Amino acid sequence: MTGRPQAVTADRLFHEGRLAGLALHLVAGEAGAGKAITNPRLQKPGLALAGFLEYVKPGRVQVIGFSEAQFLATLPPPTAAERVEALAALEPPLIVISKAMEQTATLFTEPCNRHGVPLALTAVNTSAVIERLGATLELLLAARETVHGDLLDIFAIGVLILGDSGSGKSECALELVHRGHRLVADDVVEIYKVRNEELVGQAPEEVRGLMEVRGLGLISIEQLFGVVAVRDTKPIDLVVNLVAEGTAQFERLGLAESSIELLGLRRPRLTVPVAPGRSLALLIEAASRKYLLSQRGVTDAATDFLARHDDRLRGR
């Protein structure tokens, strides 16, 4: 199921769990907390405070760091107030002041209240604000799709397991966690297209770290296997599709390459038949190792075998 991203506003960021470490505190402009943030890239408005406003892009969060604060301090107070007023008049969706610079925040308070621009203060340094806030906005504003499956980190490879209900996805995922791999999502996987080239998967926040297993019910992977057995997000590298044996044709040598399209991007897909007595966890581990070798440039065993076979035939 493909969906559009929900509107991202300053108010939403103040309640976003991923940004809890920033401890963003609204100090002015509460009336504008519902304005939409439309661009995940943050902007440091040094040029704008110097009087050049042309490249202040709409919909972007403005971050005031130590260098901007020091520059404003060198200006005569009327000039500094004029520059801050000009920036606030552009009505950015949010202005964040880092390093708990309350004196600088005082310069912005009245203009932000007047123009309805949310002004937030954080004690975190500027580089950390840009890194965390930028990464969060990129995820929140990304194109997204929800699929029914399991996502795991196997040998540092993001493996998405798909299949019909009852095909054994959760049981297979549980076995893989028992083998030392990490669970990202069970049953429902939210997929985001980040930077137009990367697919990142995660679980819905309310079920993160939980798994539903027939006969056991809902279990916490973190409680059973420890915090190292789960992770919040993981880029998707490989898709494994579980199908009932006898319902599809399978390529014996593995020469035919298959792929699946997710949000306009293609990922390699492997179809694995499900049958009593088969170790799906072992097969998926082997598939992950094979994918890892291919990324390292190692020649595929089937291709190498056929090449040697053809050489022997030509030598006769």
# chains A, B, ... in the order shown; residues from 1 in each chain; ligands from 1
>>> residues_around(residues="Ile37 of chain A", least_positions_apart="2", cutoff="12 Å", atoms="only C-alpha atoms", output="MDAnalysis selection string")
chainID A and resid 5:13 32:35 39:42 57:62 91:95 117:118 133:134 137:138 140:141
>>> residues_around(residues="Asp186 of chain A", least_positions_apart="2", cutoff="8 Å", atoms="only C-alpha atoms", output="compact mmCIF listing (two decimals) with C-alpha atoms, in the first residue's frame")
# COMPACT_ATOMS: atom_id res chain seq x y z
CA GLY A 149 6.31 -8.96 5.67
CA ASP A 150 9.35 -9.09 7.95
CA LEU A 151 12.55 -7.06 7.75
CA SER A 170 7.40 -14.71 11.58
CA ALA A 173 12.31 -14.34 11.45
CA LEU A 183 14.78 -7.77 13.82
CA VAL A 184 13.62 -4.49 12.31
CA VAL A 188 4.02 -4.68 8.87
CA VAL A 189 7.00 -2.95 7.24
CA ALA A 203 8.20 -1.00 11.96
CA LEU A 210 7.37 -6.84 18.93
CA MET A 211 6.63 -10.05 17.04
CA GLU A 212 3.45 -12.10 16.69
>>> select_by_dssp(residues="segment 53-152 of chain A", states="strand (DSSP E or B)", output="NGL selection string")
:A and (62-64 or 95-97 or 119-121 or 143-152)
>>> residues_around(residues="segment 15-28 of chain A", least_positions_apart="3", cutoff="7 Å", atoms="only C-alpha atoms", output="number ranges by chain")
A: 11-12, 109, 112-113, 118-122, 124, 136
>>> residues_around(residues="Ala281 of chain A", least_positions_apart="5", cutoff="8 Å", atoms="only C-alpha atoms", output="list in words")
Cys172, Ala173, Glu175 and Leu176 of chain A
